[in-house]
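A.B. asks: Take a look at this one; I'll ask things after.
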There are 2 protein chains.
Amino acid sequence: MPNRPDQGTSAADSEDTSAGGGPLNIGLLCFIVQRSMEDRVLADLAAAGFDDITVAQARVLARVGAKGTRLTDLAEQARVTKQTATFMVDQLERAGYVSRLPDPVDARARLVTFADRGLAAREVARRTEVVVQEEWTRHLGRRATVRLHQLLTQLREITDPYQ
Amino acid sequence: MPNRPDQGTSAADSEDTSAGGGPLNIGLLCFIVQRSMEDRVLADLAAAGFDDITVAQARVLARVGAKGTRLTDLAEQARVTKQTATFMVDQLERAGYVSRLPDPVDARARLVTFADRGLAAREVARRTEVVVQEEWTRHLGRRATVRLHQLLTQLREITDPYQ
DNA sequence: CTAGAATGGTTCGAAAATCTGACTACTGTC
DNA sequence: GACAGTAGTCAGATTTTCGAACCATTCTAG
């Protein structure tokens, strides 16, 4: 296993300031948590046969709503440009995860919606999310997890430029 | 301003399941928060004259410790391969942000350390981090912010493969 | 109702980021 | 001192991302 973004085999040598032993800032902590969930979901997807699909694609796919989502909205929520989103949706469409349907209320727009393969993948992803959240709940405790979720949601009010 | 990862101008149309109106999972919430901090720091860096330096570079730079950090450690913490980290450090070095010094205790290794420009940038970044955290604290309240930090730190215990 | 501004999306081309594979140099072990 | 493992780099290819330019449709002000 010579490559792959290394999954920390090394012993934690306690550094200091910037990054290291000290308390990390909330942004950095969120990075760690977010990345962990992402990795888990992606790994389970791959294991379930959805082994095409990259992180970048998944980040867009994860934001497709049940009734379909506009490309612009996908771009905003995934924090990429429309061009990037277009490119990702192209790939996802070619791979059978999503379809582009005309938006009934706006002829300029098209709704990105789940195709069969996308629905199947979403199911796997959801299951993993549940499993992981349960692990986290086991570690933190029920009430603490609820509190964490609530605090993050509250923080979202001022950190999410979209909504 | 025709491009740039769009900063949510649109009205939040309440979607449903997957991504949308419903409560987001903790991973996704963390993404939003993390990304917000990152954007703020990067914007302030650019405003302060550190306008070369990309997100990817910053993610590596942010993990350089005061006493220097090995490339492998940088890679693990930033969750990229050693090759990618090498590439980033190359650029950061060329731009004067870091230096590579021989590791006194291991001749194979080299310590990535802050150069003058890197120290200056770090100062700006830190200041922004403080400002942003204060904003967050104003929004959440002192105790809640402390609690959030504590919960995330606790969650890190099981989500951070490195340490 | 229509001209002009704004919005949703795409195409093109280039730059940036990331990965796999293969390799060198040094460490540590037995 | 051979050998397995670790630190880092080089080379090449692929993927991701962005900026600019553009078309079609919608919205808005007169």
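Labeling convention for the structure tokens: chains A, B, ... as they appear, residues from 1 per chain, ligands from 1 in order of appearance.
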Output chain B as a compact mmCIF listing (two decimals) with C-alpha atoms, in the first residue's frame, after least-squares fitting it to chain A on all in-order C-alpha pairs.
C.D. replies:
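Below is the file result_23.txt, written as the result:
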# COMPACT_ATOMS: atom_id res chain seq x y z
CA MET B 1 -0.11 -0.05 -0.22
CA PRO B 2 2.45 2.52 -1.29
CA ASN B 3 0.23 5.54 -1.76
CA ARG B 4 -3.21 6.81 -0.83
CA PRO B 5 -3.70 9.88 1.41
CA ASP B 6 -2.00 8.41 4.42
CA GLN B 7 -4.23 7.15 7.18
CA GLY B 8 -2.04 8.12 10.10
CA THR B 9 0.18 5.23 10.96
CA SER B 10 2.71 7.41 12.68
CA ALA B 11 2.78 8.23 16.34
CA ALA B 12 1.48 11.66 17.17
CA ASP B 13 4.55 13.60 18.14
CA SER B 14 3.26 16.48 20.17
CA GLU B 15 4.08 19.61 18.23
CA ASP B 16 3.20 23.05 19.48
CA THR B 17 1.59 26.25 18.15
CA SER B 18 0.11 26.50 14.64
CA ALA B 19 -0.85 22.94 14.07
CA GLY B 20 0.11 20.32 16.54
CA GLY B 21 -0.63 19.51 20.10
CA GLY B 22 -2.46 22.67 21.08
CA PRO B 23 -6.19 23.09 20.79
CA LEU B 24 -7.20 23.40 17.17
CA ASN B 25 -9.53 26.08 15.99
CA ILE B 26 -13.09 25.16 15.23
CA GLY B 27 -12.55 25.41 11.49
CA LEU B 28 -9.77 22.88 11.56
CA LEU B 29 -11.72 20.58 13.84
CA CYS B 30 -14.61 20.71 11.44
CA PHE B 31 -12.30 19.77 8.62
CA ILE B 32 -11.27 16.62 10.42
CA VAL B 33 -14.81 15.60 11.22
CA GLN B 34 -16.15 16.42 7.80
CA ARG B 35 -13.37 14.58 6.09
CA SER B 36 -13.92 11.55 8.23
CA MET B 37 -17.56 11.27 7.27
CA GLU B 38 -16.74 11.82 3.65
CA ASP B 39 -14.13 9.09 3.63
CA ARG B 40 -16.44 6.63 5.29
CA VAL B 41 -19.27 7.26 2.88
CA LEU B 42 -16.99 7.07 -0.11
CA ALA B 43 -15.41 3.86 1.10
CA ASP B 44 -18.78 2.21 1.61
CA LEU B 45 -19.96 3.39 -1.77
CA ALA B 46 -16.90 1.87 -3.39
CA ALA B 47 -17.40 -1.35 -1.45
CA ALA B 48 -21.00 -1.48 -2.61
CA GLY B 49 -19.93 -1.36 -6.24
CA PHE B 50 -20.11 2.38 -6.78
CA ASP B 51 -16.41 2.52 -7.35
CA ASP B 52 -16.55 4.92 -10.18
CA ILE B 53 -17.49 8.20 -8.50
CA THR B 54 -14.90 10.50 -7.08
CA VAL B 55 -14.93 12.74 -4.05
CA ALA B 56 -15.64 15.77 -6.16
CA GLN B 57 -18.52 14.07 -7.88
CA ALA B 58 -19.88 12.84 -4.59
CA ARG B 59 -19.82 16.33 -3.17
CA VAL B 60 -22.09 17.48 -5.92
CA LEU B 61 -24.25 14.37 -5.94
CA ALA B 62 -24.82 14.67 -2.21
CA ARG B 63 -26.56 17.96 -2.78
CA VAL B 64 -29.11 16.81 -5.28
CA GLY B 65 -32.55 17.06 -3.71
CA ALA B 66 -35.37 14.58 -4.14
CA LYS B 67 -37.31 16.88 -6.43
CA GLY B 68 -34.25 17.81 -8.40
CA THR B 69 -31.89 20.69 -7.96
CA ARG B 70 -30.68 23.37 -10.30
CA LEU B 71 -27.11 23.34 -11.35
CA THR B 72 -26.54 26.77 -9.93
CA ASP B 73 -27.79 25.64 -6.55
CA LEU B 74 -25.57 22.59 -6.64
CA ALA B 75 -22.62 24.80 -7.44
CA GLU B 76 -23.34 27.19 -4.61
CA GLN B 77 -23.83 24.50 -2.04
CA ALA B 78 -20.79 22.52 -3.06
CA ARG B 79 -18.88 25.80 -3.21
CA VAL B 80 -17.63 25.49 -6.74
CA THR B 81 -18.21 27.45 -9.91
CA LYS B 82 -21.07 26.67 -12.23
CA GLN B 83 -18.55 25.42 -14.74
CA THR B 84 -17.15 22.91 -12.32
CA ALA B 85 -20.63 21.80 -11.38
CA THR B 86 -21.47 21.38 -15.05
CA PHE B 87 -18.42 19.22 -15.46
CA MET B 88 -19.33 17.08 -12.47
CA VAL B 89 -22.93 16.68 -13.54
CA ASP B 90 -21.75 15.70 -16.99
CA GLN B 91 -19.79 12.87 -15.48
CA LEU B 92 -22.51 11.86 -13.07
CA GLU B 93 -24.97 11.81 -15.90
CA ARG B 94 -22.75 9.73 -18.14
CA ALA B 95 -22.26 7.29 -15.27
CA GLY B 96 -25.99 7.00 -14.75
CA TYR B 97 -26.26 8.69 -11.39
CA VAL B 98 -28.35 11.66 -12.41
CA SER B 99 -30.48 13.01 -15.23
CA ARG B 100 -31.07 16.50 -16.40
CA LEU B 101 -34.74 17.32 -16.78
CA PRO B 102 -36.20 20.56 -18.01
CA ASP B 103 -37.42 22.77 -15.21
CA PRO B 104 -41.18 23.12 -15.70
CA VAL B 105 -41.25 26.63 -14.31
CA ASP B 106 -38.19 28.09 -16.03
CA ALA B 107 -37.14 27.14 -19.51
CA ARG B 108 -33.62 28.37 -18.93
CA ALA B 109 -33.06 25.96 -16.11
CA ARG B 110 -32.72 22.21 -15.92
CA LEU B 111 -33.26 20.15 -12.85
CA VAL B 112 -30.60 17.68 -11.92
CA THR B 113 -32.40 14.65 -10.56
CA PHE B 114 -31.41 11.23 -9.33
CA ALA B 115 -31.37 8.43 -11.87
CA ASP B 116 -31.67 4.80 -10.79
CA ARG B 117 -28.01 4.33 -10.06
CA GLY B 118 -28.00 7.59 -8.15
CA LEU B 119 -30.89 6.49 -5.97
CA ALA B 120 -29.14 3.24 -5.18
CA ALA B 121 -25.98 5.09 -4.26
CA ARG B 122 -27.90 7.55 -2.15
CA GLU B 123 -29.36 4.67 -0.21
CA VAL B 124 -25.92 3.30 0.57
CA ALA B 125 -24.65 6.72 1.51
CA ARG B 126 -27.54 7.35 3.83
CA ARG B 127 -27.07 4.06 5.56
CA THR B 128 -23.42 4.85 6.14
CA GLU B 129 -24.28 8.27 7.44
CA VAL B 130 -26.60 6.70 9.96
CA VAL B 131 -24.00 4.16 11.02
CA VAL B 132 -21.33 6.80 11.43
CA GLN B 133 -23.60 9.12 13.34
CA GLU B 134 -24.43 6.24 15.65
CA GLU B 135 -20.75 5.63 16.26
CA TRP B 136 -20.33 9.27 17.07
CA THR B 137 -23.31 9.20 19.35
CA ARG B 138 -21.88 6.22 21.17
CA HIS B 139 -18.68 8.16 21.69
CA LEU B 140 -20.18 11.48 22.71
CA GLY B 141 -23.42 10.40 24.27
CA ARG B 142 -26.92 11.05 23.01
CA ARG B 143 -27.46 14.43 24.55
CA ALA B 144 -24.04 15.74 23.62
CA THR B 145 -24.53 14.68 20.02
CA VAL B 146 -27.85 16.43 19.83
CA ARG B 147 -26.23 19.50 21.32
CA LEU B 148 -23.38 19.35 18.82
CA HIS B 149 -25.81 19.12 15.97
CA GLN B 150 -27.79 21.99 17.32
CA LEU B 151 -24.73 24.19 17.77
CA LEU B 152 -23.47 23.49 14.29
CA THR B 153 -26.87 24.24 12.86
CA GLN B 154 -26.92 27.50 14.72
CA LEU B 155 -23.46 28.32 13.51
CA ARG B 156 -24.59 27.61 10.00
CA GLU B 157 -26.88 30.60 10.24
CA ILE B 158 -23.91 32.88 9.92
CA THR B 159 -21.46 30.72 8.01
CA ASP B 160 -23.61 29.51 5.16
CA PRO B 161 -23.82 32.19 2.51
CA TYR B 162 -26.41 30.07 0.82
CA GLN B 163 -29.45 29.97 3.09
A.B. asks: What's around DT29 of chain C at 12 Å? Count only C-alpha atoms (C1' of nucleotides), leave out sequence neighbours fewer than 4 positions away in its own chain, and write the answer as a ChimeraX atom specification.
C.D. replies: /D:1-5
A.B. asks: Grab the residues selected above and save them as a PDB file, in the first residue's frame with C-alpha atoms (C1' of nucleotides).
C.D. replies:
ATOM      1  C1'  DG D   1      25.690  -6.166   7.087  1.00  0.00           C
ATOM      2  C1'  DA D   2      21.516  -7.814   4.642  1.00  0.00           C
ATOM      3  C1'  DC D   3      16.711  -6.500   4.638  1.00  0.00           C
ATOM      4  C1'  DA D   4      12.444  -4.511   5.697  1.00  0.00           C
ATOM      5  C1'  DG D   5      10.539  -0.204   6.437  1.00  0.00           C
TER       6       DG D   5
END
A.B. asks: Which distance in Å separates atom C1' of DA11 of chain D and atom C1' of DA17 of chain C, to one decimal?
C.D. replies: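 Taking atom C1' of DA11 of chain D as the start and atom C1' of DA17 of chain C as the end point, the length is 16.0 Å.
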A.B. asks: What does the distance from atom C1' of DC18 of chain D to atom C1' of DA6 of chain C come to in Å, to one decimal?
C.D. replies: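 Interatomic distance here is 22.2 Å.
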A.B. asks: For chain C against chain B, with a cut-off of 10 Å and counting only C-alpha atoms (C1' of nucleotides), what is the closest atom pair and its distance in Å to one decimal for every residue that makes the cut, ordered by chain and number, as JSON lines?
C.D. replies:
{"residue": "C:DA16", "atom": "C1'", "partner": "B:Thr54", "partner_atom": "CA", "distance": 9.1}
{"residue": "C:DA17", "atom": "C1'", "partner": "B:Ala56", "partner_atom": "CA", "distance": 7.5}
{"residue": "C:DT18", "atom": "C1'", "partner": "B:Thr84", "partner_atom": "CA", "distance": 6.3}
{"residue": "C:DC19", "atom": "C1'", "partner": "B:Thr81", "partner_atom": "CA", "distance": 7.8}
{"residue": "C:DA25", "atom": "C1'", "partner": "B:Arg108", "partner_atom": "CA", "distance": 6.5}
{"residue": "C:DC26", "atom": "C1'", "partner": "B:Arg108", "partner_atom": "CA", "distance": 5.0}
{"residue": "C:DT27", "atom": "C1'", "partner": "B:Asp106", "partner_atom": "CA", "distance": 8.0}
A.B. asks: Give the helix (DSSP H, G or I) residues of segment 7-159 of chain B, as DSSP finds them on the backbone, and put them as a PyMOL selection string.
C.D. replies: chain B and resi 26-47+55-61+71-78+82-94+116-140+142-159
A.B. asks: Could you write out, as an MDAnalysis selection string, all the residues of chain B that DSSP marks as strand (DSSP E)?
C.D. replies: chainID B and resid 69:70 98:102 110:114
A.B. asks: Output N, CA, C and O atoms for every residue in that selection, as a PDB file, in the first residue's frame.
C.D. replies:
ATOM      1  N   THR B  69       7.804  20.861  10.459  1.00  0.00           N
ATOM      2  CA  THR B  69       7.011  19.650  10.359  1.00  0.00           C
ATOM      3  C   THR B  69       7.480  18.840   9.164  1.00  0.00           C
ATOM      4  O   THR B  69       7.840  19.388   8.131  1.00  0.00           O
ATOM      5  N   ARG B  70       7.491  17.543   9.329  1.00  0.00           N
ATOM      6  CA  ARG B  70       7.895  16.690   8.224  1.00  0.00           C
ATOM      7  C   ARG B  70       6.841  16.668   7.139  1.00  0.00           C
ATOM      8  O   ARG B  70       5.643  16.752   7.428  1.00  0.00           O
ATOM      9  N   VAL B  98       7.956  28.994   3.029  1.00  0.00           N
ATOM     10  CA  VAL B  98       8.592  27.987   3.882  1.00  0.00           C
ATOM     11  C   VAL B  98       9.999  27.658   3.394  1.00  0.00           C
ATOM     12  O   VAL B  98      10.389  28.019   2.287  1.00  0.00           O
ATOM     13  N   SER B  99      10.747  26.992   4.256  1.00  0.00           N
ATOM     14  CA  SER B  99      12.046  26.458   3.869  1.00  0.00           C
ATOM     15  C   SER B  99      12.077  24.994   4.223  1.00  0.00           C
ATOM     16  O   SER B  99      11.337  24.538   5.081  1.00  0.00           O
ATOM     17  N   ARG B 100      12.952  24.288   3.571  1.00  0.00           N
ATOM     18  CA  ARG B 100      13.158  22.893   3.939  1.00  0.00           C
ATOM     19  C   ARG B 100      14.505  22.800   4.618  1.00  0.00           C
ATOM     20  O   ARG B 100      15.527  23.111   4.020  1.00  0.00           O
ATOM     21  N   LEU B 101      14.517  22.376   5.869  1.00  0.00           N
ATOM     22  CA  LEU B 101      15.755  22.216   6.600  1.00  0.00           C
ATOM     23  C   LEU B 101      15.962  20.746   6.894  1.00  0.00           C
ATOM     24  O   LEU B 101      14.999  20.001   7.070  1.00  0.00           O
ATOM     25  N   PRO B 102      17.224  20.347   6.940  1.00  0.00           N
ATOM     26  CA  PRO B 102      17.472  18.950   7.281  1.00  0.00           C
ATOM     27  C   PRO B 102      17.016  18.659   8.705  1.00  0.00           C
ATOM     28  O   PRO B 102      17.190  19.484   9.591  1.00  0.00           O
ATOM     29  N   ARG B 110      13.301  15.916   6.138  1.00  0.00           N
ATOM     30  CA  ARG B 110      13.569  17.352   6.110  1.00  0.00           C
ATOM     31  C   ARG B 110      12.393  18.019   6.789  1.00  0.00           C
ATOM     32  O   ARG B 110      11.252  17.608   6.644  1.00  0.00           O
ATOM     33  N   LEU B 111      12.725  19.047   7.552  1.00  0.00           N
ATOM     34  CA  LEU B 111      11.661  19.748   8.254  1.00  0.00           C
ATOM     35  C   LEU B 111      11.211  20.953   7.444  1.00  0.00           C
ATOM     36  O   LEU B 111      12.014  21.798   7.066  1.00  0.00           O
ATOM     37  N   VAL B 112       9.926  20.997   7.195  1.00  0.00           N
ATOM     38  CA  VAL B 112       9.357  22.170   6.545  1.00  0.00           C
ATOM     39  C   VAL B 112       9.108  23.206   7.621  1.00  0.00           C
ATOM     40  O   VAL B 112       8.407  22.944   8.596  1.00  0.00           O
ATOM     41  N   THR B 113       9.735  24.365   7.451  1.00  0.00           N
ATOM     42  CA  THR B 113       9.617  25.407   8.470  1.00  0.00           C
ATOM     43  C   THR B 113       9.196  26.719   7.834  1.00  0.00           C
ATOM     44  O   THR B 113       9.373  26.925   6.639  1.00  0.00           O
ATOM     45  N   PHE B 114       8.637  27.582   8.633  1.00  0.00           N
ATOM     46  CA  PHE B 114       8.212  28.888   8.137  1.00  0.00           C
ATOM     47  C   PHE B 114       9.411  29.739   7.739  1.00  0.00           C
ATOM     48  O   PHE B 114      10.386  29.843   8.487  1.00  0.00           O
TER      49      PHE B 114
END
A.B. asks: In Å, with one decimal, what is the gap from atom C1' of DT15 of chain D to atom C1' of DG8 of chain C?
C.D. replies: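 So the answer is 25.4 Å.
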